[in-house]
Amino acid sequence: MPNINLETKIAAPINICFDCARNIDLHQQSVVHTKEIAIAGRTSGLIEEGETVTWQAVHFGVKQTLTVKIEAMVYPTYFCDVMIHGAFKSMRHEHFFVEQNNFCVMTDKFSYTTPLGIFGKIFDKIFLENYLRKFLLTRNNFIKAEAEKQFRQI
């Protein structure tokens with residue numbers, strides 16, 4: 001099972017960072033390059049524990065849907081979304097938030113399994129893991145910029 005671990009240092013309070021990371025509207029703005037939109041479940045605002053969201057996006061030239069459920073949430077330090085329907089065999093995305101030296105450190109732990117046996121593993125090694133890492137980095141940089149902007153406006 002591939003794992004992508006990312007750490008983003010944000011000059012904003014933990015609660016602002018946490019809310020930016022679970023904001024459906026901000027997520028859609030951060031991934032406009034994939035035409036990603038929320039089409040079912042929670043489609044705007046702050047997603048909560050137990051809620052689902054179905055995303056529709058274009059990846060590798062193919063329109064796809066992914067439904068995730070917020071499996072656990074401890075405000076403002078942790079939430080976890082898991083795939084309940086989509087192209088992966090399995091997917092789990094954990095989000096951790098810690099305050100350190102006037103910064104919030106946001107850590108992503110993204111793990112997934114591709115379908116299609118050996119063909120899925122080959123596709124993952126050649127394309128998918130790098131694509132997902134860039135996707136998450138783009139999203140995290142957007143969250144960082146938005147959280148820092150919101151903090152400056154207080």
# chains A, B, ... in the order shown; residues from 1 in each chain; ligands from 1
$ residues_around --residues "segment 106-117 of chain A" --least-positions-apart "2" --cutoff "10 Å" --atoms "only C-alpha atoms" --output "PDB file with C-alpha atoms, in the first residue's frame"
ATOM      1  CA  MET A   1       0.000   0.000   0.000  1.00  0.00           C
ATOM      2  CA  PRO A   2       1.670   3.254  -1.106  1.00  0.00           C
ATOM      3  CA  ASN A   3       1.861   6.067   1.444  1.00  0.00           C
ATOM      4  CA  ILE A   4       2.357   9.756   0.805  1.00  0.00           C
ATOM      5  CA  ASN A   5       3.366  11.829   3.838  1.00  0.00           C
ATOM      6  CA  LEU A   6       3.503  15.608   3.594  1.00  0.00           C
ATOM      7  CA  GLU A   7       4.156  18.323   6.142  1.00  0.00           C
ATOM      8  CA  THR A   8       3.110  21.948   5.634  1.00  0.00           C
ATOM      9  CA  LYS A   9       4.105  24.757   8.004  1.00  0.00           C
ATOM     10  CA  ILE A  10       1.434  27.471   8.159  1.00  0.00           C
ATOM     11  CA  ILE A  14      -4.573  25.748  14.318  1.00  0.00           C
ATOM     12  CA  CYS A  17      -5.918  25.752   9.346  1.00  0.00           C
ATOM     13  CA  PHE A  18      -8.216  22.932  10.424  1.00  0.00           C
ATOM     14  CA  ALA A  21      -8.581  21.902   5.304  1.00  0.00           C
ATOM     15  CA  THR A  77      -6.191  18.443  15.659  1.00  0.00           C
ATOM     16  CA  TYR A  78      -7.289  15.539  13.443  1.00  0.00           C
ATOM     17  CA  CYS A  80      -9.694  11.248   8.571  1.00  0.00           C
ATOM     18  CA  ASP A  81     -11.541  10.623   5.339  1.00  0.00           C
ATOM     19  CA  VAL A  82     -11.878   7.168   3.800  1.00  0.00           C
ATOM     20  CA  MET A  83     -13.083   6.166   0.366  1.00  0.00           C
ATOM     21  CA  ALA A  87     -11.378   4.182  -8.524  1.00  0.00           C
ATOM     22  CA  PHE A  88      -9.011   3.026  -5.786  1.00  0.00           C
ATOM     23  CA  LYS A  89      -9.205  -0.394  -4.220  1.00  0.00           C
ATOM     24  CA  SER A  90      -8.866   1.494  -0.915  1.00  0.00           C
ATOM     25  CA  MET A  91      -7.970   5.024   0.172  1.00  0.00           C
ATOM     26  CA  ARG A  92      -7.418   6.665   3.558  1.00  0.00           C
ATOM     27  CA  HIS A  93      -6.392  10.297   4.108  1.00  0.00           C
ATOM     28  CA  GLU A  94      -5.448  11.389   7.609  1.00  0.00           C
ATOM     29  CA  HIS A  95      -4.979  15.078   8.455  1.00  0.00           C
ATOM     30  CA  PHE A  96      -3.039  16.065  11.605  1.00  0.00           C
ATOM     31  CA  PHE A  97      -2.650  19.608  13.003  1.00  0.00           C
ATOM     32  CA  VAL A  98      -0.173  20.659  15.714  1.00  0.00           C
ATOM     33  CA  GLU A  99       0.783  24.122  16.976  1.00  0.00           C
ATOM     34  CA  PHE A 103       2.919  28.024  13.428  1.00  0.00           C
ATOM     35  CA  CYS A 104       0.493  25.247  12.656  1.00  0.00           C
ATOM     36  CA  PHE A 119      -1.042  -3.530 -13.763  1.00  0.00           C
ATOM     37  CA  GLY A 120      -2.257  -1.173 -11.029  1.00  0.00           C
ATOM     38  CA  LYS A 121       1.102  -1.421  -9.252  1.00  0.00           C
ATOM     39  CA  ILE A 122       2.982  -0.613 -12.456  1.00  0.00           C
ATOM     40  CA  PHE A 123       0.672   2.357 -13.186  1.00  0.00           C
ATOM     41  CA  ASP A 124       1.221   3.553  -9.619  1.00  0.00           C
ATOM     42  CA  LEU A 128       0.015   7.714 -10.026  1.00  0.00           C
ATOM     43  CA  GLU A 129       2.123   8.234  -6.891  1.00  0.00           C
ATOM     44  CA  LEU A 132      -1.116  12.279  -6.251  1.00  0.00           C
ATOM     45  CA  ARG A 133       1.845  13.857  -4.445  1.00  0.00           C
ATOM     46  CA  LEU A 136      -1.817  17.070  -2.525  1.00  0.00           C
ATOM     47  CA  LEU A 137       1.029  19.617  -2.575  1.00  0.00           C
ATOM     48  CA  ASN A 140      -1.787  22.113   0.734  1.00  0.00           C
ATOM     49  CA  ILE A 143      -4.729  25.848   2.199  1.00  0.00           C
ATOM     50  CA  LYS A 144      -1.546  27.506   3.525  1.00  0.00           C
TER      51      LYS A 144
END
$ residues_around --residues "Gln56 of chain A" --least-positions-apart "6" --cutoff "8 Å" --atoms "only C-alpha atoms" --output "list in words"
Lys35, Glu36, Ile37, Ala38, Ile39, Lys63, Gln64, Thr65 and Leu66 of chain A
$ write_last_selection --atoms "N, CA and C atoms" --output "PDB file, in the first residue's frame"
ATOM      1  N   LYS A  35     -11.058  20.248 -12.549  1.00  0.00           N
ATOM      2  CA  LYS A  35     -12.498  20.504 -12.669  1.00  0.00           C
ATOM      3  C   LYS A  35     -13.277  19.788 -11.572  1.00  0.00           C
ATOM      4  N   GLU A  36     -12.667  19.677 -10.391  1.00  0.00           N
ATOM      5  CA  GLU A  36     -13.275  18.932  -9.292  1.00  0.00           C
ATOM      6  C   GLU A  36     -14.394  19.728  -8.645  1.00  0.00           C
ATOM      7  N   ILE A  37     -15.549  19.070  -8.517  1.00  0.00           N
ATOM      8  CA  ILE A  37     -16.704  19.677  -7.866  1.00  0.00           C
ATOM      9  C   ILE A  37     -17.366  18.650  -6.954  1.00  0.00           C
ATOM     10  N   ALA A  38     -17.999  19.157  -5.900  1.00  0.00           N
ATOM     11  CA  ALA A  38     -18.767  18.303  -4.991  1.00  0.00           C
ATOM     12  C   ALA A  38     -20.162  18.151  -5.582  1.00  0.00           C
ATOM     13  N   ILE A  39     -20.601  16.902  -5.793  1.00  0.00           N
ATOM     14  CA  ILE A  39     -21.881  16.677  -6.462  1.00  0.00           C
ATOM     15  C   ILE A  39     -22.918  15.991  -5.572  1.00  0.00           C
ATOM     16  N   LYS A  63     -13.265  11.402 -16.674  1.00  0.00           N
ATOM     17  CA  LYS A  63     -14.140  11.904 -15.613  1.00  0.00           C
ATOM     18  C   LYS A  63     -14.365  10.783 -14.609  1.00  0.00           C
ATOM     19  N   GLN A  64     -14.138  11.096 -13.335  1.00  0.00           N
ATOM     20  CA  GLN A  64     -14.247  10.088 -12.283  1.00  0.00           C
ATOM     21  C   GLN A  64     -15.027  10.639 -11.101  1.00  0.00           C
ATOM     22  N   THR A  65     -15.566   9.738 -10.286  1.00  0.00           N
ATOM     23  CA  THR A  65     -16.198  10.144  -9.037  1.00  0.00           C
ATOM     24  C   THR A  65     -15.528   9.414  -7.881  1.00  0.00           C
ATOM     25  N   LEU A  66     -15.512  10.086  -6.746  1.00  0.00           N
ATOM     26  CA  LEU A  66     -14.927   9.535  -5.536  1.00  0.00           C
ATOM     27  C   LEU A  66     -15.806   9.977  -4.376  1.00  0.00           C
TER      28      LEU A  66
END
$ select_by_dssp --residues "segment 9-77 of chain A" --states "strand (DSSP E or B)" --output "PyMOL selection string"
chain A and resi 9-10+23+37-41+46+52-59+62-74
$ select_by_dssp --residues "segment 74-140 of chain A" --states "helix (DSSP H, G or I)" --output "list in words"
Gly117, Ile118, Phe119, Gly120, Lys121, Ile122, Phe123, Asp124, Lys125, Ile126, Phe127, Leu128, Glu129, Asn130, Tyr131, Leu132, Arg133, Lys134, Phe135, Leu136, Leu137, Thr138, Arg139 and Asn140 of chain A
$ residues_around --residues "Thr34 of chain A" --least-positions-apart "3" --cutoff "6 Å" --atoms "only C-alpha atoms" --output "mmCIF file with N, CA and C atoms, in the first residue's frame"
data_model
loop_
_atom_site.group_PDB
_atom_site.id
_atom_site.type_symbol
_atom_site.label_atom_id
_atom_site.label_comp_id
_atom_site.auth_asym_id
_atom_site.auth_seq_id
_atom_site.Cartn_x
_atom_site.Cartn_y
_atom_site.Cartn_z
ATOM 1 N N VAL A 31 -8.407 22.943 -6.531
ATOM 2 C CA VAL A 31 -8.183 21.901 -7.551
ATOM 3 C C VAL A 31 -8.962 22.179 -8.832
ATOM 4 N N ALA A 57 -14.339 14.706 -10.841
ATOM 5 C CA ALA A 57 -13.159 15.401 -11.358
ATOM 6 C C ALA A 57 -12.653 14.685 -12.601
ATOM 7 N N VAL A 58 -11.754 15.359 -13.296
ATOM 8 C CA VAL A 58 -11.113 14.760 -14.460
ATOM 9 C C VAL A 58 -9.648 14.499 -14.106
#
$ atom_distance --atom1 "atom CA of Gly86 of chain A" --atom2 "atom CA of Ile24 of chain A"
18.1 Å
$ atom_distance --atom1 "atom CA of Glu48 of chain A" --atom2 "atom CA of Val32 of chain A"
22.9 Å
$ residues_around --residues "Glu146 of chain A" --least-positions-apart "5" --cutoff "12 Å" --atoms "only C-alpha atoms" --output "MDAnalysis selection string"
chainID A and resid 10:12 16:21 23 25:27 29:30 139:141 151:153
$ atom_distance --atom1 "atom CA of Ile70 of chain A" --atom2 "atom CA of Ala40 of chain A"
14.1 Å
